[in-house]
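Below: run02.pdb (PDB, C-alpha atoms and all ligand atoms)
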```
ATOM      1  CA  MET A   1     107.408  86.914 108.033
ATOM      2  CA  ILE A   2     105.343  89.940 107.106
ATOM      3  CA  ASP A   3     102.145  90.754 109.000
ATOM      4  CA  LEU A   4      99.816  92.735 106.729
ATOM      5  CA  HIS A   5      97.026  93.220 109.263
ATOM      6  CA  CYS A   6      97.874  94.397 112.755
ATOM      7  CA  HIS A   7      96.491  97.049 115.085
ATOM      8  CA  VAL A   8      99.908  97.958 116.450
ATOM      9  CA  LEU A   9      99.532 101.734 116.725
ATOM     10  CA  PRO A  10      98.650 102.757 120.282
ATOM     11  CA  GLY A  11      95.607 104.709 121.320
ATOM     12  CA  ILE A  12      93.844 105.204 117.998
ATOM     13  CA  ASP A  13      91.436 102.270 117.793
ATOM     14  CA  ASP A  14      90.720  99.039 119.675
ATOM     15  CA  GLY A  15      94.402  98.062 119.559
ATOM     16  CA  PRO A  16      96.915  98.635 122.367
ATOM     17  CA  PRO A  17      95.928 101.562 124.590
ATOM     18  CA  THR A  18      99.474 102.713 125.396
ATOM     19  CA  ILE A  19     102.949 102.783 123.849
ATOM     20  CA  GLU A  20     104.077 100.165 126.377
ATOM     21  CA  ALA A  21     101.266  97.847 125.280
ATOM     22  CA  ALA A  22     102.235  98.449 121.634
ATOM     23  CA  LEU A  23     105.834  97.487 122.468
ATOM     24  CA  ASP A  24     104.578  94.292 124.124
ATOM     25  CA  LEU A  25     102.530  93.482 121.009
ATOM     26  CA  ALA A  26     105.586  94.041 118.804
ATOM     27  CA  ARG A  27     107.716  91.851 121.091
ATOM     28  CA  ASP A  28     105.212  89.011 120.663
ATOM     29  CA  ALA A  29     105.370  89.551 116.907
ATOM     30  CA  GLN A  30     109.153  89.433 116.897
ATOM     31  CA  ARG A  31     109.162  86.219 118.952
ATOM     32  CA  ASP A  32     106.789  84.748 116.378
ATOM     33  CA  GLY A  33     109.249  85.511 113.563
ATOM     34  CA  ILE A  34     107.554  88.621 112.204
ATOM     35  CA  THR A  35     109.990  91.226 110.885
ATOM     36  CA  THR A  36     107.597  93.665 109.165
ATOM     37  CA  ILE A  37     104.220  94.866 110.394
ATOM     38  CA  ALA A  38     101.770  96.872 108.330
ATOM     39  CA  ALA A  39     100.091  99.192 110.819
ATOM     40  CA  THR A  40      96.417  98.812 109.945
ATOM     41  CA  PRO A  41      94.184 100.692 112.385
ATOM     42  CA  HIS A  42      90.467 100.817 111.672
ATOM     43  CA  ILE A  43      89.625 103.479 109.128
ATOM     44  CA  HIS A  44      85.995 103.650 110.140
ATOM     45  CA  PRO A  45      83.493 106.345 111.162
ATOM     46  CA  GLU A  46      83.719 104.987 114.721
ATOM     47  CA  TYR A  47      87.269 106.419 114.822
ATOM     48  CA  PRO A  48      86.757 109.715 112.954
ATOM     49  CA  ASN A  49      90.294 111.001 113.513
ATOM     50  CA  ASN A  50      91.918 108.035 111.794
ATOM     51  CA  ASP A  51      93.298 108.825 108.361
ATOM     52  CA  ALA A  52      96.473 108.242 106.371
ATOM     53  CA  ALA A  53      98.198 111.286 107.845
ATOM     54  CA  LEU A  54      97.578 110.104 111.413
ATOM     55  CA  VAL A  55      98.776 106.570 110.579
ATOM     56  CA  TRP A  56     102.024 107.974 109.227
ATOM     57  CA  ALA A  57     102.498 110.347 112.180
ATOM     58  CA  ARG A  58     101.998 107.494 114.668
ATOM     59  CA  ILE A  59     104.441 105.256 112.782
ATOM     60  CA  VAL A  60     107.053 107.994 112.859
ATOM     61  CA  ALA A  61     106.517 108.236 116.632
ATOM     62  CA  LEU A  62     106.458 104.476 117.355
ATOM     63  CA  GLN A  63     109.287 103.191 115.146
ATOM     64  CA  PRO A  64     112.062 104.887 117.189
ATOM     65  CA  ARG A  65     110.554 103.424 120.364
ATOM     66  CA  LEU A  66     110.749  99.922 118.849
ATOM     67  CA  ASP A  67     114.327 100.570 117.741
ATOM     68  CA  ALA A  68     115.307 101.859 121.184
ATOM     69  CA  ALA A  69     113.760  98.794 122.833
ATOM     70  CA  GLY A  70     115.752  96.477 120.552
ATOM     71  CA  ILE A  71     112.636  95.134 118.837
ATOM     72  CA  ALA A  72     113.671  94.357 115.258
ATOM     73  CA  VAL A  73     110.315  94.994 113.610
ATOM     74  CA  LYS A  74     109.809  97.462 110.775
ATOM     75  CA  LEU A  75     106.516  99.321 110.552
ATOM     76  CA  VAL A  76     104.949 100.205 107.229
ATOM     77  CA  PRO A  77     101.711 102.157 106.731
ATOM     78  CA  GLY A  78      98.273 100.805 105.944
ATOM     79  CA  GLY A  79      94.755 100.765 107.298
ATOM     80  CA  GLU A  80      91.860  98.349 107.701
ATOM     81  CA  VAL A  81      89.340 100.293 105.699
ATOM     82  CA  ASP A  82      85.600  99.951 106.236
ATOM     83  CA  ALA A  83      83.955  99.340 102.870
ATOM     84  CA  LEU A  84      81.137 101.895 103.018
ATOM     85  CA  HIS A  85      83.509 104.495 104.465
ATOM     86  CA  ALA A  86      85.944 103.796 101.615
ATOM     87  CA  LEU A  87      83.261 104.752  99.111
ATOM     88  CA  VAL A  88      83.208 108.332 100.393
ATOM     89  CA  LEU A  89      86.992 108.717 100.658
ATOM     90  CA  ALA A  90      88.916 110.292  97.777
ATOM     91  CA  ASP A  91      91.129 108.003  95.712
ATOM     92  CA  GLU A  92      94.155 109.996  96.861
ATOM     93  CA  GLU A  93      93.380 109.225 100.507
ATOM     94  CA  LEU A  94      92.732 105.565  99.715
ATOM     95  CA  ARG A  95      96.050 105.346  97.864
ATOM     96  CA  ALA A  96      97.769 106.827 100.912
ATOM     97  CA  LEU A  97      96.224 103.983 102.930
ATOM     98  CA  HIS A  98      97.491 101.259 100.575
ATOM     99  CA  LEU A  99      99.638  98.649 102.312
ATOM    100  CA  GLY A 100     103.254  99.789 102.425
ATOM    101  CA  GLY A 101     102.640 102.363  99.690
ATOM    102  CA  GLY A 102     102.011  99.592  97.129
ATOM    103  CA  PRO A 103      98.878  99.068  95.035
ATOM    104  CA  TRP A 104      96.838  97.028  97.557
ATOM    105  CA  LEU A 105      94.173  98.273  99.966
ATOM    106  CA  LEU A 106      93.139  96.173 102.992
ATOM    107  CA  LEU A 107      89.338  96.190 102.924
ATOM    108  CA  GLU A 108      87.462  94.960 105.983
ATOM    109  CA  CYS A 109      84.857  92.270 105.361
ATOM    110  CA  PRO A 110      81.991  93.284 107.647
ATOM    111  CA  LEU A 111      81.404  91.282 110.812
ATOM    112  CA  SER A 112      77.788  92.447 111.137
ATOM    113  CA  SER A 113      74.872  91.131 109.130
ATOM    114  CA  ILE A 114      73.504  94.655 108.687
ATOM    115  CA  ALA A 115      76.511  95.737 106.652
ATOM    116  CA  ALA A 116      76.726  92.485 104.706
ATOM    117  CA  PRO A 117      74.394  93.049 101.702
ATOM    118  CA  ALA A 118      76.219  96.181 100.507
ATOM    119  CA  PHE A 119      79.701  94.689 100.728
ATOM    120  CA  ILE A 120      80.128  92.897  97.404
ATOM    121  CA  PRO A 121      78.817  95.766  95.217
ATOM    122  CA  THR A 122      80.975  98.176  97.240
ATOM    123  CA  ALA A 123      84.104  96.072  96.802
ATOM    124  CA  LYS A 124      83.483  95.828  93.056
ATOM    125  CA  ALA A 125      83.012  99.610  92.848
ATOM    126  CA  LEU A 126      86.333 100.200  94.640
ATOM    127  CA  ALA A 127      88.103  97.716  92.362
ATOM    128  CA  ALA A 128      86.641  99.541  89.369
ATOM    129  CA  ARG A 129      88.236 102.740  90.739
ATOM    130  CA  GLY A 130      91.631 101.051  90.366
ATOM    131  CA  HIS A 131      92.319  99.795  93.885
ATOM    132  CA  LYS A 132      93.651  96.278  94.237
ATOM    133  CA  LEU A 133      91.791  94.792  97.167
ATOM    134  CA  LEU A 134      93.014  92.476  99.881
ATOM    135  CA  LEU A 135      89.870  91.310 101.681
ATOM    136  CA  ALA A 136      90.374  91.040 105.448
ATOM    137  CA  HIS A 137      89.117  87.919 107.252
ATOM    138  CA  PRO A 138      86.330  86.718 104.889
ATOM    139  CA  GLU A 139      86.123  83.540 106.999
ATOM    140  CA  ARG A 140      84.658  85.605 109.859
ATOM    141  CA  SER A 141      82.181  87.594 107.781
ATOM    142  CA  PRO A 142      78.479  86.844 107.295
ATOM    143  CA  VAL A 143      79.014  87.830 103.649
ATOM    144  CA  PHE A 144      81.116  84.723 103.006
ATOM    145  CA  LEU A 145      80.558  82.301 105.904
ATOM    146  CA  PRO A 146      77.417  80.778 104.381
ATOM    147  CA  HIS A 147      78.579  81.376 100.787
ATOM    148  CA  PRO A 148      82.315  80.769 100.306
ATOM    149  CA  GLU A 149      81.754  80.682  96.532
ATOM    150  CA  ARG A 150      81.166  84.452  96.609
ATOM    151  CA  LEU A 151      84.814  84.851  97.560
ATOM    152  CA  ASP A 152      85.930  82.770  94.593
ATOM    153  CA  GLU A 153      84.007  85.077  92.254
ATOM    154  CA  LEU A 154      85.740  88.180  93.659
ATOM    155  CA  VAL A 155      89.128  86.491  93.452
ATOM    156  CA  ASN A 156      88.794  84.858  90.048
ATOM    157  CA  GLN A 157      86.775  87.495  88.204
ATOM    158  CA  HIS A 158      87.784  90.735  89.921
ATOM    159  CA  GLY A 159      91.437  90.133  90.792
ATOM    160  CA  MET A 160      91.016  90.442  94.549
ATOM    161  CA  LEU A 161      93.068  88.580  97.143
ATOM    162  CA  ALA A 162      91.953  87.487 100.593
ATOM    163  CA  GLN A 163      93.575  87.489 104.028
ATOM    164  CA  VAL A 164      92.738  84.791 106.538
ATOM    165  CA  THR A 165      93.317  85.602 110.186
ATOM    166  CA  ALA A 166      95.832  83.163 111.653
ATOM    167  CA  GLY A 167      93.722  82.657 114.774
ATOM    168  CA  SER A 168      90.746  81.603 112.647
ATOM    169  CA  LEU A 169      92.743  78.579 111.495
ATOM    170  CA  SER A 170      93.735  77.645 115.052
ATOM    171  CA  GLY A 171      90.168  77.950 116.369
ATOM    172  CA  GLN A 172      90.226  81.289 118.231
ATOM    173  CA  PHE A 173      86.857  82.219 116.729
ATOM    174  CA  GLY A 174      85.121  78.871 117.152
ATOM    175  CA  ARG A 175      84.596  75.719 115.183
ATOM    176  CA  THR A 176      82.519  77.090 112.306
ATOM    177  CA  VAL A 177      85.013  79.841 111.487
ATOM    178  CA  ARG A 178      87.871  77.360 111.810
ATOM    179  CA  GLU A 179      86.254  74.930 109.384
ATOM    180  CA  VAL A 180      85.447  77.663 106.857
ATOM    181  CA  ALA A 181      88.983  79.054 107.152
ATOM    182  CA  HIS A 182      90.510  75.639 106.467
ATOM    183  CA  ARG A 183      88.185  75.070 103.522
ATOM    184  CA  MET A 184      89.138  78.464 102.066
ATOM    185  CA  LEU A 185      92.799  77.576 102.507
ATOM    186  CA  GLU A 186      92.387  74.168 100.887
ATOM    187  CA  THR A 187      90.758  75.745  97.849
ATOM    188  CA  ARG A 188      93.421  78.502  97.845
ATOM    189  CA  SER A 189      90.683  81.139  98.120
ATOM    190  CA  VAL A 190      92.837  82.923 100.724
ATOM    191  CA  HIS A 191      96.346  84.078  99.906
ATOM    192  CA  VAL A 192      97.681  85.836 102.995
ATOM    193  CA  ALA A 193      97.708  84.907 106.676
ATOM    194  CA  ALA A 194      97.917  87.830 109.102
ATOM    195  CA  SER A 195      97.620  88.228 112.849
ATOM    196  CA  ASP A 196      94.925  90.921 113.098
ATOM    197  CA  GLY A 197      96.732  91.454 116.397
ATOM    198  CA  HIS A 198      95.192  93.878 118.874
ATOM    199  CA  GLY A 199      97.361  93.436 121.969
ATOM    200  CA  ALA A 200      97.328  91.202 125.020
ATOM    201  CA  HIS A 201      93.909  89.694 124.310
ATOM    202  CA  ARG A 202      94.743  89.043 120.642
ATOM    203  CA  PRO A 203      98.504  88.799 120.214
ATOM    204  CA  ALA A 204     100.300  89.458 116.928
ATOM    205  CA  THR A 205     101.182  85.870 116.108
ATOM    206  CA  ILE A 206     101.013  84.008 112.813
ATOM    207  CA  ALA A 207     103.497  81.104 112.880
ATOM    208  CA  ARG A 208     102.290  79.872 116.260
ATOM    209  CA  GLU A 209      98.669  79.751 115.109
ATOM    210  CA  LEU A 210      99.418  78.137 111.747
ATOM    211  CA  GLU A 211     101.636  75.517 113.349
ATOM    212  CA  GLN A 212      98.911  74.743 115.867
ATOM    213  CA  ALA A 213      96.438  74.491 112.985
ATOM    214  CA  GLY A 214      98.643  71.971 111.188
ATOM    215  CA  VAL A 215      99.427  74.198 108.193
ATOM    216  CA  GLU A 216     102.459  72.873 106.325
ATOM    217  CA  PRO A 217     105.597  75.052 106.517
ATOM    218  CA  HIS A 218     105.827  75.691 102.756
ATOM    219  CA  LEU A 219     102.236  76.932 102.806
ATOM    220  CA  THR A 220     102.940  79.148 105.812
ATOM    221  CA  ALA A 221     105.863  80.689 103.920
ATOM    222  CA  TRP A 222     103.613  81.449 100.949
ATOM    223  CA  LEU A 223     100.865  82.931 103.153
ATOM    224  CA  ALA A 224     103.006  84.922 105.550
ATOM    225  CA  HIS A 225     105.992  85.932 103.449
ATOM    226  CA  ASP A 226     105.859  85.365  99.691
ATOM    227  CA  VAL A 227     102.440  86.846  98.908
ATOM    228  CA  PRO A 228     102.701  89.657 101.529
ATOM    229  CA  ASN A 229     106.097  90.623 100.100
ATOM    230  CA  ALA A 230     104.617  90.832  96.593
ATOM    231  CA  ILE A 231     101.748  92.932  97.939
ATOM    232  CA  LEU A 232     104.123  95.433  99.525
ATOM    233  CA  THR A 233     106.406  95.659  96.502
ATOM    234  CA  GLY A 234     103.689  95.637  93.848
ATOM    235  CA  ALA A 235     105.081  92.466  92.255
ATOM    236  CA  GLN A 236     102.882  89.739  90.806
ATOM    237  CA  PRO A 237     101.794  87.536  93.731
ATOM    238  CA  PRO A 238     103.340  84.067  93.385
ATOM    239  CA  ALA A 239     101.065  81.173  92.474
ATOM    240  CA  ALA A 240      99.751  79.005  95.262
ATOM    241  CA  PRO A 241     101.692  75.889  96.153
ATOM    242  CA  GLU A 242      99.946  72.682  95.236
ATOM    243  CA  PRO A 243      98.642  70.657  98.153
ATOM    244  CA  ARG A 244     101.282  68.078  99.094
ATOM    245  CA  ARG A 245      98.909  65.578 100.578
ATOM    246  CA  PRO A 246      97.421  63.352  97.885
ATOM    247  CA  ARG A 247      93.861  64.304  97.050
ATOM    248  CA  ARG A 248      91.219  61.815  98.044
ATOM    249  CA  ARG A 249      90.129  59.695  95.102
ATOM    250  CA  LEU A 250      86.616  60.345  93.932
ATOM    251  CA  PHE A 251      86.176  56.744  92.895
ATOM    252  CA  GLY A 252      87.976  54.020  94.798
ATOM    253  CA  ARG A 253      88.881  50.704  93.331
TER     254      ARG A 253
HETATM  255 FE    FE B 301      91.552  94.143 112.164
END
```
Re-express the file's structure as structure tokens.
Ligand SMILES: [Fe+2]
Amino acid sequence: MIDLHCHVLPGIDDGPPTIEAALDLARDAQRDGITTIAATPHIHPEYPNNDAALVWARIVALQPRLDAAGIAVKLVPGGEVDALHALVLADEELRALHLGGGPWLLLECPLSSIAAPAFIPTAKALAARGHKLLLAHPERSPVFLPHPERLDELVNQHGMLAQVTAGSLSGQFGRTVREVAHRMLETRSVHVAASDGHGAHRPATIARELEQAGVEPHLTAWLAHDVPNAILTGAQPPAAPEPRRPRRRLFGR
């Protein structure tokens, strides 16, 4: 599996504070079946030193530590980019933050109501600048929680994809988020499942959460391998698998 959203790099945001804690996070990921992690620290004014150059420097420092510890996880660059901050960054910097050097940028859906109104126009402006957008955890955002149809518009009319956090499906963020996450998955409005792992308090696990949430294995493979792989390589993301369970009849006999 490929984890496209994970705060694995130590000491640069609210992820693991030390290298040892980062190794523990990566061990959890490996146990979960994750073989590739996109290192996606917050690219946000709250962490003013975080930029593409720092992400790359920290990957170059951490990867040999993983290798030496026998943790078979490959790190690729990325960033969880704050939308308003992205507006002021140059396209060159944003491209350097694309996931794995491909065409997709992980854009954070705001968790605060204050930032919510500006998000959709900002995302459209970034898409118009040529960035393919993977929207991080819409199921947790006040932009989409009350209005899931807004996500469908961005996906269907603006070519964006969306990443559900695995723990949202298993109930880590409460019942409302869980229900919205499952609805978004049923309607195939989300295309990637990622850990959004931060360390001991939020481990980097995908398969465990999706299994607990009752997600069927073929759907897990699409969410956590097939689409993420296309995102990293720049290939056309594969179409969503059809639901296997028969749909409920609208009119019974
Ligand atoms: Fe995150």
> In terms of the shortest atom-to-atom distance over only C-alpha atoms and all ligand atoms, which of A:Val164, A:Leu232, A:Ile120, A:Ile59 is closest to ligand FE 301 (chain B)?
Replying inline: A:Val164
> Residues at most 12 Å from ligand FE 301 (chain B), using all atoms listed in the file? Could they come as a PyMOL selection string?
Replying inline: chain A and resi 3-9+13-15+38-44+78-82+106-111+135-138+140+163-167+194-199+202-204
> Selected by the PyMOL selection byres (((chain A and resi 90-94) around 10) and not hetatm) in the shown coordinates: which residues, as number ranges by chain?
Replying inline: A: 51-53, 78-79, 81, 86-89, 95-98, 104-106, 126, 129-131
>> Counting only C-alpha atoms, find residues at most 10 Å from (102.8, 90.6, 94.6) (file frame) and give them as a list in words.
In response: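 So the residues meeting the distance criterion are Gly102, Pro103, Trp104, Asp226, Val227, Pro228, Asn229, Ala230, Ile231, Leu232, Thr233, Gly234, Ala235, Gln236, Pro237, Pro238 and Ala239 of chain A.
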> Using the chain letters and numbers from the file, which residues does the PyMOL selection byres (((chain A and resi 151) around 9) and not hetatm) grab, as a list in words?
Replying inline: Pro138, Val143, Phe144, His147, Pro148, Glu149, Arg150, Asp152, Glu153, Leu154, Val155, Asn156, Met160, Ala162, Met184, Ser189 and Val190 of chain A
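Between Pro146 in chain A and the residues A:His158, A:Leu66, A:Pro121, A:Ala116, the shortest atom-to-atom distance, using only C-alpha atoms, involves A:Ala116.
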> In Å, how far is it from CA of Ala127 in chain A to CA of His182 in chain A?
Replying inline: 26.3 Å
> From the list A:Ala115, A:Leu23, A:Asp32, A:Asn50, which residue is nearest Ala68 in chain A when using only C-alpha atoms?
Replying inline: A:Leu23
> For the file shown, what are the residues hit by the PyMOL selection byres (((chain A and resi 72-75) around 6) and not hetatm), laid out as a ChimeraX atom specification?
Replying inline: /A:35-38,71,76
>> Which residues are close to Leu210 in chain A, i.e. within 8 Å by all atoms listed in the file, leaving aside same-chain residues fewer than 4 positions away? Reply as a list in words.
In response: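 My list of contacting residues is Ala166, Gly167, Leu169, Ser170, Ile206, Gly214, Val215 and Thr220 of chain A.
Note that the spacing between CA of Ala69 in chain A and CA of Pro17 in chain A amounts to 18.1 Å.
Across the model, the gap from CA of His201 in chain A to CA of Ala22 in chain A is 12.4 Å.
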